[in-house]
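Raw contents of structure.tsv, TSV, C-alpha atoms and all ligand atoms:
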```
chain	number	residue	atom	x	y	z
A	23	MET	CA	-7.16	-7.91	-16.09
A	24	ILE	CA	-5.93	-5.24	-13.70
A	25	ARG	CA	-2.55	-3.54	-14.02
A	26	LEU	CA	-1.03	-0.63	-12.13
A	27	ASP	CA	2.04	0.66	-13.88
A	28	VAL	CA	4.27	3.59	-12.85
A	29	SER	CA	7.66	4.88	-13.93
A	30	GLN	CA	10.14	7.61	-13.05
A	31	ILE	CA	8.30	8.85	-9.99
A	32	HIS	CA	10.06	11.28	-7.71
A	33	LYS	CA	8.97	12.88	-4.46
A	34	ASN	CA	10.90	15.24	-2.23
A	35	LEU	CA	10.07	15.73	1.46
A	36	LYS	CA	11.74	18.69	3.06
A	37	ASP	CA	11.64	20.56	6.32
A	38	PRO	CA	14.14	23.08	7.77
A	39	ASP	CA	16.33	20.31	9.22
A	40	ARG	CA	16.29	17.51	6.66
A	41	CYS	CA	15.48	16.36	3.21
A	42	PHE	CA	14.32	13.02	1.80
A	43	ASP	CA	14.12	12.00	-1.85
A	44	LEU	CA	12.07	9.02	-2.99
A	45	ASN	CA	12.52	7.47	-6.42
A	46	ILE	CA	10.37	4.82	-8.04
A	47	PRO	CA	12.09	4.06	-11.35
A	48	CYS	CA	9.63	1.39	-12.51
A	49	PHE	CA	6.96	-0.51	-10.65
A	50	GLU	CA	4.23	-2.66	-12.10
A	51	VAL	CA	1.73	-4.97	-10.48
A	52	LYS	CA	-1.16	-6.85	-12.02
A	53	SER	CA	-4.15	-9.07	-11.20
A	54	GLY	CA	-3.40	-11.90	-8.84
A	55	GLU	CA	0.06	-10.63	-7.91
A	56	LYS	CA	1.04	-10.06	-4.29
A	57	VAL	CA	3.99	-7.81	-3.61
A	58	ALA	CA	5.45	-7.06	-0.19
A	59	ILE	CA	7.43	-3.82	0.03
A	60	ILE	CA	10.17	-4.16	2.60
A	61	GLY	CA	12.76	-1.74	3.89
A	62	ALA	CA	14.17	-0.19	7.03
A	63	THR	CA	12.12	2.26	9.06
A	64	GLY	CA	12.36	5.67	7.42
A	65	SER	CA	13.34	4.27	4.01
A	66	GLY	CA	10.28	5.71	2.26
A	67	LYS	CA	7.82	2.81	2.22
A	68	THR	CA	4.81	4.85	3.35
A	69	THR	CA	5.76	7.72	1.03
A	70	ALA	CA	5.85	5.26	-1.89
A	71	MET	CA	2.58	3.62	-0.87
A	72	ASP	CA	0.78	6.98	-0.51
A	73	ILE	CA	1.77	7.78	-4.08
A	74	LEU	CA	0.78	4.37	-5.46
A	75	ALA	CA	-2.58	4.68	-3.65
A	76	MET	CA	-3.17	8.18	-5.12
A	77	ALA	CA	-3.22	9.56	-1.58
A	78	SER	CA	-0.26	11.82	-2.30
A	79	GLN	CA	0.97	13.41	-5.51
A	80	PRO	CA	4.50	12.91	-6.78
A	81	ASP	CA	6.62	15.93	-7.72
A	82	LYS	CA	7.63	14.25	-10.97
A	83	CYS	CA	6.12	11.34	-12.80
A	84	GLU	CA	6.68	9.90	-16.24
A	85	ARG	CA	3.93	7.29	-16.20
A	86	PHE	CA	1.11	6.44	-13.79
A	87	ALA	CA	-1.45	4.19	-15.43
A	88	LEU	CA	-4.21	1.88	-14.31
A	89	ALA	CA	-5.94	-0.66	-16.52
A	90	VAL	CA	-9.11	-2.39	-15.32
A	91	GLY	CA	-10.69	-4.78	-17.80
A	92	ASP	CA	-10.76	-3.07	-21.17
A	93	LYS	CA	-10.55	0.45	-19.65
A	94	SER	CA	-7.31	2.39	-19.17
A	95	TYR	CA	-6.87	5.39	-16.94
A	96	ASP	CA	-4.02	7.88	-17.20
A	97	LEU	CA	-3.68	8.66	-13.50
A	98	LYS	CA	-0.99	11.25	-14.21
A	99	GLN	CA	-3.58	13.36	-16.04
A	100	ILE	CA	-6.39	12.49	-13.64
A	101	ALA	CA	-4.30	13.56	-10.61
A	102	THR	CA	-4.71	17.18	-11.72
A	103	LYS	CA	-8.52	16.89	-11.58
A	104	PRO	CA	-9.50	16.53	-7.91
A	105	GLN	CA	-13.07	15.28	-8.42
A	106	LYS	CA	-12.17	12.68	-11.02
A	107	CYS	CA	-9.18	11.67	-8.93
A	108	ALA	CA	-11.42	11.12	-5.87
A	109	ARG	CA	-13.85	9.02	-7.94
A	110	ILE	CA	-11.11	6.78	-9.33
A	111	ARG	CA	-9.54	6.38	-5.89
A	112	ALA	CA	-12.85	5.52	-4.22
A	113	SER	CA	-13.81	3.08	-6.93
A	114	PHE	CA	-10.60	1.19	-7.71
A	115	PHE	CA	-8.30	1.56	-4.69
A	116	GLY	CA	-8.54	0.06	-1.22
A	117	TYR	CA	-5.89	1.55	1.06
A	118	VAL	CA	-5.26	0.39	4.61
A	119	MET	CA	-3.03	3.11	6.01
A	120	GLN	CA	-0.55	2.61	8.84
A	121	ARG	CA	-2.98	4.38	11.14
A	122	SER	CA	-6.28	4.44	9.29
A	123	PRO	CA	-8.65	6.90	10.99
A	124	LEU	CA	-12.23	5.75	11.49
A	125	PHE	CA	-15.22	8.09	11.71
A	126	PRO	CA	-15.82	8.31	15.48
A	127	PHE	CA	-19.56	8.96	15.09
A	128	LEU	CA	-20.12	5.83	12.96
A	129	SER	CA	-20.26	2.24	14.21
A	130	VAL	CA	-17.84	-0.42	12.96
A	131	ARG	CA	-20.42	-1.62	10.42
A	132	GLU	CA	-21.29	1.92	9.33
A	133	ASN	CA	-17.60	2.76	8.82
A	134	VAL	CA	-17.29	-0.27	6.55
A	135	THR	CA	-20.56	0.43	4.74
A	136	LEU	CA	-19.59	4.02	3.99
A	137	GLN	CA	-16.83	2.89	1.64
A	138	GLN	CA	-19.31	0.85	-0.41
A	139	LEU	CA	-21.70	3.80	-0.60
A	140	VAL	CA	-18.94	6.16	-1.76
A	141	ALA	CA	-17.95	3.61	-4.42
A	142	LYS	CA	-21.65	3.16	-5.32
A	143	ARG	CA	-21.32	-0.60	-4.79
A	144	PRO	CA	-23.64	-1.49	-1.87
A	145	ASP	CA	-23.38	-5.14	-0.86
A	146	PRO	CA	-24.43	-5.80	2.78
A	147	ALA	CA	-23.90	-9.57	2.40
A	148	PHE	CA	-20.22	-9.02	1.52
A	149	ILE	CA	-19.84	-6.83	4.62
A	150	ASP	CA	-21.28	-9.67	6.74
A	151	VAL	CA	-18.64	-12.02	5.32
A	152	LEU	CA	-15.80	-9.57	5.92
A	153	LEU	CA	-16.89	-8.80	9.50
A	154	ASP	CA	-17.16	-12.52	10.18
A	155	ARG	CA	-13.76	-13.38	8.67
A	156	LEU	CA	-12.10	-10.54	10.60
A	157	GLY	CA	-13.77	-11.44	13.92
A	158	LEU	CA	-15.76	-8.19	14.06
A	159	THR	CA	-19.35	-9.49	14.00
A	160	MET	CA	-19.73	-9.18	17.79
A	161	ILE	CA	-18.66	-5.53	17.77
A	162	ALA	CA	-20.35	-4.45	14.51
A	163	GLY	CA	-22.55	-1.99	16.43
A	164	ALA	CA	-19.76	-0.56	18.60
A	165	PHE	CA	-18.18	2.85	18.02
A	166	PRO	CA	-14.43	3.38	17.52
A	167	SER	CA	-14.03	4.79	21.05
A	168	GLU	CA	-15.39	1.50	22.42
A	169	ILE	CA	-13.01	-0.90	20.66
A	170	SER	CA	-9.32	-1.83	20.87
A	171	GLN	CA	-6.53	-0.67	18.54
A	172	GLY	CA	-6.42	-4.10	16.92
A	173	GLN	CA	-10.19	-4.04	16.35
A	174	LYS	CA	-9.87	-0.57	14.82
A	175	GLN	CA	-7.18	-1.87	12.51
A	176	ARG	CA	-9.38	-4.80	11.45
A	177	THR	CA	-12.29	-2.41	10.85
A	178	ALA	CA	-10.01	-0.36	8.60
A	179	ILE	CA	-9.08	-3.55	6.74
A	180	ALA	CA	-12.76	-4.49	6.27
A	181	ARG	CA	-13.52	-0.98	5.05
A	182	SER	CA	-10.71	-1.03	2.50
A	183	LEU	CA	-11.88	-4.37	1.10
A	184	SER	CA	-15.65	-3.78	1.20
A	185	HIS	CA	-16.04	-2.17	-2.23
A	186	ARG	CA	-14.02	-4.90	-3.97
A	187	PRO	CA	-11.17	-2.65	-5.10
A	188	SER	CA	-8.98	-3.48	-8.09
A	189	VAL	CA	-5.79	-2.52	-6.25
A	190	ILE	CA	-5.44	-3.29	-2.55
A	191	LEU	CA	-2.66	-1.46	-0.72
A	192	CYS	CA	-1.87	-2.13	2.93
A	193	ASP	CA	0.70	-0.30	5.04
A	194	GLU	CA	1.76	-2.63	7.86
A	195	PRO	CA	-1.83	-3.89	8.20
A	196	THR	CA	-0.99	-6.44	10.88
A	197	GLY	CA	1.30	-4.20	12.96
A	198	ALA	CA	-1.12	-3.91	15.91
A	199	LEU	CA	-2.17	-7.57	15.91
A	200	ASP	CA	-1.13	-10.78	17.66
A	201	PRO	CA	0.37	-13.46	15.35
A	202	LYS	CA	-2.83	-15.53	15.04
A	203	THR	CA	-5.06	-12.54	14.28
A	204	ALA	CA	-2.37	-11.14	11.95
A	205	ARG	CA	-2.47	-14.34	9.91
A	206	GLN	CA	-6.27	-14.35	9.88
A	207	CYS	CA	-6.27	-10.75	8.58
A	208	LEU	CA	-3.68	-11.40	5.92
A	209	GLU	CA	-5.59	-14.46	4.75
A	210	THR	CA	-8.76	-12.34	4.51
A	211	ILE	CA	-6.95	-9.64	2.52
A	212	ASP	CA	-5.58	-12.37	0.25
A	213	TRP	CA	-9.02	-13.99	-0.06
A	214	ALA	CA	-10.64	-10.65	-0.99
A	215	ALA	CA	-7.93	-10.04	-3.62
A	216	VAL	CA	-8.60	-13.47	-5.15
A	217	GLN	CA	-12.39	-12.78	-5.22
A	218	THR	CA	-11.91	-9.79	-7.53
A	219	GLY	CA	-8.57	-10.66	-9.17
A	220	ALA	CA	-7.13	-7.57	-7.48
A	221	ALA	CA	-3.46	-6.67	-7.37
A	222	LEU	CA	-2.16	-6.63	-3.80
A	223	ILE	CA	0.67	-4.47	-2.44
A	224	MET	CA	1.62	-4.59	1.22
A	225	ILE	CA	4.28	-3.00	3.39
A	226	THR	CA	5.39	-5.35	6.11
A	227	HIS	CA	8.20	-6.19	8.50
A	228	ASP	CA	6.73	-9.67	9.01
A	229	TRP	CA	8.72	-11.43	6.31
A	230	GLU	CA	7.82	-14.90	7.55
A	231	LEU	CA	4.08	-14.30	7.37
A	232	ALA	CA	4.33	-12.61	3.97
A	233	LYS	CA	6.43	-15.49	2.67
A	234	ALA	CA	3.95	-18.03	4.05
A	235	CYS	CA	1.13	-16.19	2.25
A	236	GLY	CA	3.00	-16.30	-1.07
A	237	PHE	CA	4.11	-12.68	-1.41
A	238	GLU	CA	6.98	-11.63	-3.65
A	239	PHE	CA	9.37	-9.11	-2.09
A	240	CYS	CA	10.38	-5.73	-3.42
A	241	SER	CA	12.77	-3.68	-1.31
A	242	ILE	CA	13.49	-0.01	-0.81
A	243	GLN	CA	17.17	0.78	-0.57
A	244	THR	CA	18.43	3.97	1.01
A	245	CYS	CA	21.56	6.01	0.77
A	246	SER	CA	22.83	9.13	2.42
A	247	LEU	CA	23.39	12.13	0.15
A	248	GLY	CA	24.74	14.38	2.89
A	249	LYS	CA	24.47	15.02	6.62
A	250	SER	CA	20.74	15.66	6.61
A	251	HIS	CA	19.82	14.41	3.15
A	252	MET	CA	18.59	10.85	2.58
A	253	ALA	CA	17.26	9.09	-0.48
A	254	GLY	CA	15.28	5.93	-0.96
A	255	GLU	CA	14.63	3.97	-4.11
A	256	LEU	CA	12.05	1.26	-4.71
A	257	GLU	CA	13.43	-1.76	-6.48
A	258	ARG	CA	12.45	-2.04	-10.13
A	259	ARG	CA	9.57	-4.37	-10.78
A	260	SER	CA	8.19	-5.07	-14.20
A	261	CYS	CA	5.44	-7.55	-15.07
A	262	ALA	CA	6.96	-8.00	-18.52
A	263	ALA	CA	10.13	-9.28	-16.92
A	264	GLY	CA	8.17	-11.82	-14.84
A	265	PRO	CA	8.32	-12.00	-11.06
A	266	ALA	CA	10.39	-9.38	-9.30
A	267	LYS	CA	14.08	-10.03	-9.11
A	268	THR	CA	15.84	-8.65	-6.09
A	269	ARG	CA	18.68	-6.55	-7.39
A	270	ARG	CA	21.72	-6.30	-5.21
A	271	GLY	CA	24.25	-4.57	-7.40
A	272	GLY	CA	25.26	-0.97	-8.00
A	273	ASP	CA	22.96	-0.66	-10.99
A	274	LEU	CA	20.21	1.35	-9.37
A	275	SER	CA	19.99	4.94	-10.50
A	276	LEU	CA	21.02	6.15	-7.05
A	277	GLY	CA	24.32	4.41	-7.67
A	278	LEU	CA	24.19	2.44	-4.45
A	279	SER	CA	27.16	0.30	-3.66
A	280	LYS	CA	26.82	-3.46	-3.18
A	281	GLN	CA	26.00	-2.96	0.49
A	282	GLY	CA	24.17	0.30	-0.06
A	283	SER	CA	24.59	2.96	2.56
A	284	GLY	CA	22.43	2.24	5.55
A	285	SER	CA	20.48	0.22	3.06
A	286	LEU	CA	18.27	-2.76	3.38
A	287	VAL	CA	19.59	-5.17	0.80
A	288	GLY	CA	16.81	-7.46	-0.37
A	289	GLY	CA	16.73	-11.19	-0.70
A	290	ALA	CA	13.90	-12.06	1.62
A	291	ARG	CA	12.39	-14.84	-0.38
B	301	LIG	N1	8.47	16.72	6.01
B	301	LIG	C1	9.56	15.95	5.90
B	301	LIG	N2	10.75	16.51	5.60
B	301	LIG	C2	11.86	15.76	5.47
B	301	LIG	N3	11.88	14.41	5.65
B	301	LIG	C3	10.72	13.82	5.96
B	301	LIG	C4	9.50	14.55	6.10
B	301	LIG	N4	8.50	13.67	6.42
B	301	LIG	C5	9.09	12.46	6.46
B	301	LIG	N5	10.41	12.54	6.21
B	301	LIG	C6	11.37	11.45	6.14
B	301	LIG	O1	11.09	10.71	4.96
B	301	LIG	C7	11.52	9.38	5.13
B	301	LIG	C8	10.48	8.43	4.60
B	301	LIG	O2	9.36	8.39	5.48
B	301	LIG	P1	8.32	7.19	5.40
B	301	LIG	O3	7.89	7.06	4.00
B	301	LIG	O4	7.28	7.45	6.42
B	301	LIG	O5	9.25	5.95	5.81
B	301	LIG	P2	8.85	4.45	6.20
B	301	LIG	O6	7.40	4.27	5.92
B	301	LIG	O7	9.74	3.59	5.37
B	301	LIG	O8	9.17	4.29	7.65
B	301	LIG	C9	11.83	9.20	6.58
B	301	LIG	O9	13.23	9.11	6.74
B	301	LIG	C10	11.26	10.43	7.23
B	301	LIG	O10	11.98	10.82	8.37
B	302	MG	MG	5.78	3.78	7.21
```
Output the file's structure as structure tokens, nothing else.
Ligand SMILES: Nc1ncnc2c1ncn2[C@@H]1O[C@H](COP(=O)(O)OP(=O)(O)O)[C@@H](O)[C@H]1O
Ligand SMILES: [Mg+2]
Amino acid sequence: MIRLDVSQIHKNLKDPDRCFDLNIPCFEVKSGEKVAIIGATGSGKTTAMDILAMASQPDKCERFALAVGDKSYDLKQIATKPQKCARIRASFFGYVMQRSPLFPFLSVRENVTLQQLVAKRPDPAFIDVLLDRLGLTMIAGAFPSEISQGQKQRTAIARSLSHRPSVILCDEPTGALDPKTARQCLETIDWAAVQTGAALIMITHDWELAKACGFEFCSIQTCSLGKSHMAGELERRSCAAGPAKTRRGGDLSLGLSKQGSGSLVGGAR
């Protein structure tokens, strides 16, 4: 059993002209679950995903825990120890970022292999399967400068799945792809998650495709707290309460009104 479980996470982004506050009151995801995070552009989806993927540290956090099998990890404590943090991230997390950089001096296959080596889980046969499923076999020897944006994105997907992570996180993984290839990629991500019983979290604007692939939806609502101050809050999701319920009322801690304020009100299921 795999379970990622966070509560009362807060992150503030600030520059001289503006300020953004992200809140994650309670978010849980476990083995076999597929959650699509939806929300307007700029609502804080990537900020939330970076935190859930341990790629960025929250300013405040009450709970950040990962359970894999009979082992539990207190990621709140581990986050303060860079080496341990890197090990946990490399071993248990597979993160496809919105623009995942590839190593320019490594081929497609080498980029994918590197992730397995870092996780100490070499498995060339699994790489063959991933490259085949993602339509990359023909370009396995090519370098990033020799392939298209969509092929780079698929290489990043293969890399993030290659070490059989416990938690797969994808930030708009099909954004650069045509509808057929997008579906093929999502089915491969889904297939890889089923292979390992991983929990799957994805940011997407393609509600139809996510729905067709059986994702539950969890939205980020935003509100304005002043002229240059915005806040976003990820809908509460608790495994104990069963599948996510889209909440539409003014009961979020930001005190959003029924319509929110510039908010994306959920209900995409
Ligand atoms: N350094 C910063 N200072 C203030 N606001 C920022 C900063 N960086 C990003 N933001 C804002 O934070 C919000 C959330 O960004 P992001 O998580 O990338 O949104 P999304 O992925 O939903 O499009 C956006 O409104 C963005 O403009
Ligand atoms: Mg984003």
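Going from CA of Thr226 in chain A to CA of Ser188 in chain A covers 20.3 Å.
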At a cut-off of 8 Å and counting all atoms listed in the file, what residues surround ligand MG 302 (chain B)? Please answer as a PDB file with C-alpha atoms, in the coordinates of the input.
```pdb
ATOM      1  CA  THR A  63      12.120   2.260   9.060  1.00  0.00           C
ATOM      2  CA  GLY A  64      12.360   5.670   7.420  1.00  0.00           C
ATOM      3  CA  GLY A  66      10.280   5.710   2.260  1.00  0.00           C
ATOM      4  CA  LYS A  67       7.820   2.810   2.220  1.00  0.00           C
ATOM      5  CA  THR A  68       4.810   4.850   3.350  1.00  0.00           C
ATOM      6  CA  THR A  69       5.760   7.720   1.030  1.00  0.00           C
ATOM      7  CA  GLN A 120      -0.550   2.610   8.840  1.00  0.00           C
ATOM      8  CA  ASP A 193       0.700  -0.300   5.040  1.00  0.00           C
ATOM      9  CA  GLU A 194       1.760  -2.630   7.860  1.00  0.00           C
ATOM     10  CA  ILE A 225       4.280  -3.000   3.390  1.00  0.00           C
TER      11      ILE A 225
END
```
Within-9 Å residues of ligand LIG 301 (chain B), basis only C-alpha atoms and all ligand atoms, as number ranges by chain: A: 34-44, 60-72, 120, 193, 225, 242, 250-254
Can you pull out the residues contacting Thr159 in chain A? Cut-off 8 Å, using all atoms listed in the file, and skip same-chain residues under 5 positions away; I want them as number ranges by chain. A: 150, 153-154
Selection above as a file: C-alpha atoms, as a compact mmCIF listing (two decimals), in the frame of the given file:
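Now in again38.txt:
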```txt
# COMPACT_ATOMS: atom_id res chain seq x y z
CA ASP A 150 -21.28 -9.67 6.74
CA LEU A 153 -16.89 -8.80 9.50
CA ASP A 154 -17.16 -12.52 10.18
```
Using all atoms listed in the file for the distances, tell me which of A:Arg109, A:Arg85, A:Arg258, A:His185 is nearest to Ile149 in chain A. A:His185
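Shortest atom-to-atom contact with Leu88 in chain A among A:Ser182, A:Ser170, A:Ser53, A:Ser122: A:Ser53, counting only C-alpha atoms.
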Restricting to only C-alpha atoms, whichever of A:Val216, A:Ala141, A:Val134, A:Leu191 is closest to Ala77 in chain A is A:Leu191
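Of the residues listed (A:Lys174, A:Lys249, A:His227, A:Arg181), A:Lys174 shows the shortest atom-to-atom separation from Pro126 in chain A; distances use all atoms listed in the file.
When all atoms listed in the file are used to compute distances to Arg131 in chain A, the closest of the residues A:Val90, A:Glu84, A:Ala180, A:Gln175 turns out to be A:Ala180.
Proximity to Thr203 in chain A at 12 Å, evaluated using only C-alpha atoms and with sequence-adjacent residues fewer than 5 positions away removed, yields Arg155, Leu156, Gly157, Leu158, Gly172, Gln173, Gln175, Arg176, Pro195, Thr196, Gly197, Ala198, Leu208, Glu209, Thr210 and Leu231 of chain A.
For the atom pair formed by CA of Ser29 in chain A and CA of Ile46 in chain A, the distance is 6.5 Å, given to one decimal.
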Might you pull out every residue within 12 Å of Thr135 in chain A, with only C-alpha atoms counted and same-chain residues fewer than 5 positions away left off, and present them as a count of residues only? 27
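With CA of Asp92 in chain A on one side and CA of Asp212 in chain A on the other, the separation reads 23.9 Å.
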Here is a test: counting all atoms listed in the file, which residue of A:Ser241, A:Ser113, A:Thr102, A:Ser260 is nearest to Ser78 in chain A? A:Thr102
